[in-house]
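Participant: The structure follows.
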Amino acid sequence: MTESHKATATPTDPETSLRRGVANSEEARRWCRERAIEDIECIVPDQAGVARGKLMPTGKFFDDKPMTLPAAIFTQTITGDYPDRDEEEYAESITDGDLIFRPDFSTLAVVPWASDPTAHVIHNAYHRDGRPVEVSPRRVLQQVIQLYNDAGIQPVVAPELEFYLVKPNLDPDYPLEPPVGRSGRTERARQAYSISAVNEFEALFDDIYEFSEAQGLEIDTLAHEAGTAQMEINLRHGDPVELADQVFLFKRTIREAALRHEMYATFMAKPIAAEPGSAMHIHHSVVSLETGDNIFSTPDGGASKEFLYYIAGLQTYIPRAMAMMAPFVNSYRRITPHTSAPINMRWGYDNRTVGLRVPLSDPAARRVENRVPSSDANPYLAIAASLACGYLGLVNKLEPDEPAAGTGYDAPFTLPRSILDAVQLLENTPELVEIFGSPFVSIYRGIKETEYETFMGVISPWEREYLLLSV
């Protein structure tokens, strides 16, 4: 996030807002008619942040019949399996009953890579009696924001999203390699913040910017990160649901743009063993709903007690909510010392070796950066978890430890080391279960345990290399 960050929830500029979102169905009809839209992608993010849904002709979309999908889409694993459960939380999935999905027209935008004029719109999920589906990731985030609003405050976030560009890898048994740039060569050395290294993929980034602009998505900055062909996109700060929507759509956009240039964009947390992992850093500030002022700063410009409470909440609860910020087996390969990833919840001023960094800023932009989430996380759940941790610090007036003066890698490793450890911590933290709801936590646990069992069914090259003839 740049130093121009200000703690306000509405940074969208009018020019951009014309490209994304309308107020209601009637405006959506007119919007689609003006753009000759033929088809609409009706999408909903599942627990992994994958876009599920249906493609509808525009006429059918506006026939006033809501879209329905099986409730099981919210219990599906990343491999397409389902937990073998009989708890009450899985009842709708067991019977494969339908949920009702209604469009959030504020997310309506064109699909710029489609061959025919196409739009997409994110949907919210409801039970047949009209209740929101509490296990829907978008709803989980909305409920956390409501806690803030009930307390007279509004959270503001700005995500930073890292990803790798790689050659197409049709055989998953082979390691990933960097792609060929415009020079005809592959990147072999790390080129952090190199302009010439970014320019190797100039045509790709032109498409990313073009696709983003067409959808009203707001890129703040783009830079080459520390890894070989690793990039980072920073988004402008704003409302958490709006920013989660943007991250969700950015992932689709970047993947589609990369495919146009015969390469893959991957948001795996640790796609290449010898390279740094990819993070989704989340910057947090909180403003008063009454005044719009950043509550992290006092009138004289100093750090407020609320700022310290918030940091303490992140310190205390992020390890217990980490399953939502580092959701896969691969996520924990990133959390290793001296690789630009944190290993504990120390905090410090302008210190990138700790879990919580306080960037240099003026008082109006005072914020804290959560450096724990990985780029493979569902943005709705990662932001919801991070906000919940900070909220608990505020309401319980927790006190942080002293800021780290040196490297955070000298302090003990205190974050969970596996997804099973992380899920167990989440399930055994009543304060977080109360915020997210026991149905969500139960379903999420089941999904992660099932994914882990699938992973354990695969024999790795390491096992064949070191165990085959030695044990």
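We label chains A, B, ... in the order they appear in the structure tokens, count residues from 1 in each chain, and number ligands from 1 in the order shown.
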Give me, as a VMD selection string, all polymer residues having an atom no more than 12 Å from Glu431 of chain A, counting only C-alpha atoms and skipping those fewer than 4 positions away in the same chain.

Facilitator: chain A and resid 313 316 to 317 320 to 321 385 388 to 389 391 to 393 395 to 396 425 to 427 435 to 438 441

Participant: Check the smallest atom-to-atom distance from each of A:Ala365, A:Ile318, A:Ala158, A:Ala341 to Ala303 of chain A using only C-alpha atoms, then report the winner.

Facilitator: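 So, comparing all the options, the nearest one is A:Ala365.
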
Participant: Skipping near chain neighbours, those fewer than 4 positions away, what residues fall within 8 Å of Ile219 of chain A using only C-alpha atoms, listed as a list in words?

Facilitator: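 Here the qualifying residues turn out to be Tyr209, Ser212, Ile233, Asn234, Leu235 and Arg236 of chain A.
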
Participant: Excluding Tyr380 of chain A and residues on its chain fewer than 5 positions from it, collect all residues at most 12 Å away from it, counting only C-alpha atoms, and give them as a PyMOL selection string.

Facilitator: chain A and resi 44-50+135-145+157+159+239-249+280+282+324-325+373+385-387

Participant: Please produce a file of the residues just selected, as a short mmCIF file (atom, residue, chain, number, x, y, z; two decimals), in the first residue's frame, where the atoms kept are N, CA, C and O atoms.

Facilitator:
```
data_model
loop_
_atom_site.label_atom_id
_atom_site.label_comp_id
_atom_site.auth_asym_id
_atom_site.auth_seq_id
_atom_site.Cartn_x
_atom_site.Cartn_y
_atom_site.Cartn_z
N VAL A 44 -20.71 -17.44 -7.70
CA VAL A 44 -20.68 -17.39 -6.24
C VAL A 44 -19.37 -18.02 -5.79
O VAL A 44 -18.98 -19.08 -6.30
N PRO A 45 -18.63 -17.38 -4.87
CA PRO A 45 -17.38 -17.98 -4.39
C PRO A 45 -17.66 -19.10 -3.39
O PRO A 45 -18.46 -18.92 -2.46
N ASP A 46 -17.03 -20.25 -3.58
CA ASP A 46 -17.19 -21.35 -2.62
C ASP A 46 -16.14 -21.22 -1.52
O ASP A 46 -15.46 -20.20 -1.41
N GLN A 47 -16.00 -22.25 -0.68
CA GLN A 47 -15.10 -22.15 0.47
C GLN A 47 -13.64 -21.99 0.06
O GLN A 47 -12.84 -21.41 0.82
N ALA A 48 -13.27 -22.46 -1.13
CA ALA A 48 -11.89 -22.32 -1.60
C ALA A 48 -11.69 -21.03 -2.38
O ALA A 48 -10.57 -20.75 -2.81
N GLY A 49 -12.77 -20.26 -2.59
CA GLY A 49 -12.66 -19.05 -3.40
C GLY A 49 -12.78 -19.35 -4.88
O GLY A 49 -12.46 -18.50 -5.71
N VAL A 50 -13.25 -20.55 -5.23
CA VAL A 50 -13.48 -20.92 -6.63
C VAL A 50 -14.83 -20.38 -7.06
O VAL A 50 -15.80 -20.41 -6.29
N VAL A 135 -23.05 -20.14 6.05
CA VAL A 135 -21.75 -20.73 5.75
C VAL A 135 -21.17 -20.23 4.44
O VAL A 135 -20.06 -20.60 4.06
N SER A 136 -21.90 -19.38 3.74
CA SER A 136 -21.37 -18.77 2.52
C SER A 136 -20.22 -17.84 2.89
O SER A 136 -20.36 -16.99 3.77
N PRO A 137 -19.05 -17.94 2.24
CA PRO A 137 -17.91 -17.08 2.60
C PRO A 137 -18.22 -15.60 2.55
O PRO A 137 -17.78 -14.83 3.40
N ARG A 138 -18.99 -15.17 1.56
CA ARG A 138 -19.32 -13.74 1.48
C ARG A 138 -20.18 -13.33 2.68
O ARG A 138 -20.02 -12.23 3.23
N ARG A 139 -21.07 -14.21 3.10
CA ARG A 139 -21.91 -13.92 4.27
C ARG A 139 -21.09 -13.90 5.55
O ARG A 139 -21.32 -13.08 6.44
N VAL A 140 -20.11 -14.80 5.66
CA VAL A 140 -19.24 -14.81 6.84
C VAL A 140 -18.57 -13.45 7.00
O VAL A 140 -18.52 -12.87 8.10
N LEU A 141 -18.06 -12.90 5.91
CA LEU A 141 -17.41 -11.59 5.96
C LEU A 141 -18.42 -10.49 6.30
O LEU A 141 -18.14 -9.60 7.11
N GLN A 142 -19.59 -10.53 5.70
CA GLN A 142 -20.61 -9.52 5.98
C GLN A 142 -21.00 -9.50 7.45
O GLN A 142 -21.23 -8.44 8.04
N GLN A 143 -21.06 -10.68 8.06
CA GLN A 143 -21.43 -10.75 9.48
C GLN A 143 -20.35 -10.14 10.37
O GLN A 143 -20.67 -9.49 11.38
N VAL A 144 -19.09 -10.33 10.01
CA VAL A 144 -18.01 -9.73 10.80
C VAL A 144 -18.07 -8.20 10.69
O VAL A 144 -17.92 -7.48 11.69
N ILE A 145 -18.30 -7.70 9.49
CA ILE A 145 -18.41 -6.25 9.31
C ILE A 145 -19.57 -5.69 10.11
O ILE A 145 -19.48 -4.59 10.67
N VAL A 157 -9.77 -2.01 4.55
CA VAL A 157 -8.67 -2.93 4.25
C VAL A 157 -8.07 -2.60 2.88
O VAL A 157 -8.71 -1.97 2.04
N PRO A 159 -5.71 -5.14 0.34
CA PRO A 159 -4.92 -6.36 0.13
C PRO A 159 -3.77 -6.14 -0.85
O PRO A 159 -3.84 -5.29 -1.75
N ASP A 239 -13.86 -0.68 1.43
CA ASP A 239 -14.77 -1.55 2.16
C ASP A 239 -14.32 -3.01 2.01
O ASP A 239 -13.99 -3.46 0.91
N PRO A 240 -14.33 -3.79 3.09
CA PRO A 240 -13.81 -5.16 3.02
C PRO A 240 -14.53 -6.08 2.03
O PRO A 240 -13.87 -6.88 1.35
N VAL A 241 -15.87 -5.99 1.94
CA VAL A 241 -16.56 -6.85 0.97
C VAL A 241 -16.18 -6.45 -0.45
O VAL A 241 -15.92 -7.30 -1.31
N GLU A 242 -16.14 -5.15 -0.71
CA GLU A 242 -15.75 -4.66 -2.03
C GLU A 242 -14.35 -5.13 -2.39
O GLU A 242 -14.08 -5.56 -3.51
N LEU A 243 -13.43 -5.06 -1.43
CA LEU A 243 -12.05 -5.49 -1.71
C LEU A 243 -11.94 -7.00 -1.87
O LEU A 243 -11.18 -7.50 -2.70
N ALA A 244 -12.71 -7.76 -1.08
CA ALA A 244 -12.73 -9.21 -1.26
C ALA A 244 -13.28 -9.57 -2.63
O ALA A 244 -12.75 -10.47 -3.32
N ASP A 245 -14.33 -8.88 -3.06
CA ASP A 245 -14.86 -9.09 -4.41
C ASP A 245 -13.77 -8.83 -5.45
O ASP A 245 -13.62 -9.58 -6.42
N GLN A 246 -13.02 -7.75 -5.25
CA GLN A 246 -11.98 -7.40 -6.23
C GLN A 246 -10.88 -8.45 -6.28
O GLN A 246 -10.42 -8.84 -7.37
N VAL A 247 -10.44 -8.95 -5.12
CA VAL A 247 -9.42 -10.00 -5.13
C VAL A 247 -9.94 -11.25 -5.83
O VAL A 247 -9.25 -11.87 -6.64
N PHE A 248 -11.18 -11.63 -5.51
CA PHE A 248 -11.82 -12.78 -6.13
C PHE A 248 -11.83 -12.63 -7.65
O PHE A 248 -11.48 -13.57 -8.39
N LEU A 249 -12.20 -11.45 -8.14
CA LEU A 249 -12.25 -11.21 -9.58
C LEU A 249 -10.87 -11.04 -10.18
O LEU A 249 -10.62 -11.45 -11.33
N MET A 280 -0.86 -12.90 0.69
CA MET A 280 -1.90 -11.91 0.49
C MET A 280 -1.90 -11.04 1.75
O MET A 280 -2.65 -11.29 2.69
N ILE A 282 -2.68 -8.11 4.23
CA ILE A 282 -3.91 -7.32 4.42
C ILE A 282 -3.61 -6.16 5.35
O ILE A 282 -3.23 -6.36 6.51
N MET A 324 -8.15 -20.19 8.11
CA MET A 324 -8.88 -19.42 7.11
C MET A 324 -7.94 -18.51 6.31
O MET A 324 -8.34 -17.97 5.28
N MET A 325 -6.71 -18.33 6.79
CA MET A 325 -5.73 -17.49 6.10
C MET A 325 -4.68 -18.32 5.37
O MET A 325 -4.02 -17.81 4.46
N PRO A 373 -1.50 -14.14 5.96
CA PRO A 373 -2.29 -14.85 4.93
C PRO A 373 -1.48 -15.15 3.68
O PRO A 373 -0.64 -14.35 3.26
N ALA A 385 -11.46 -13.41 8.83
CA ALA A 385 -10.71 -13.92 9.98
C ALA A 385 -9.82 -12.83 10.57
O ALA A 385 -9.74 -12.66 11.79
N SER A 386 -9.13 -12.09 9.71
CA SER A 386 -8.23 -11.04 10.19
C SER A 386 -9.03 -9.95 10.93
O SER A 386 -8.63 -9.48 12.00
N LEU A 387 -10.16 -9.55 10.36
CA LEU A 387 -10.99 -8.54 11.00
C LEU A 387 -11.55 -9.04 12.33
O LEU A 387 -11.65 -8.28 13.30
#
```
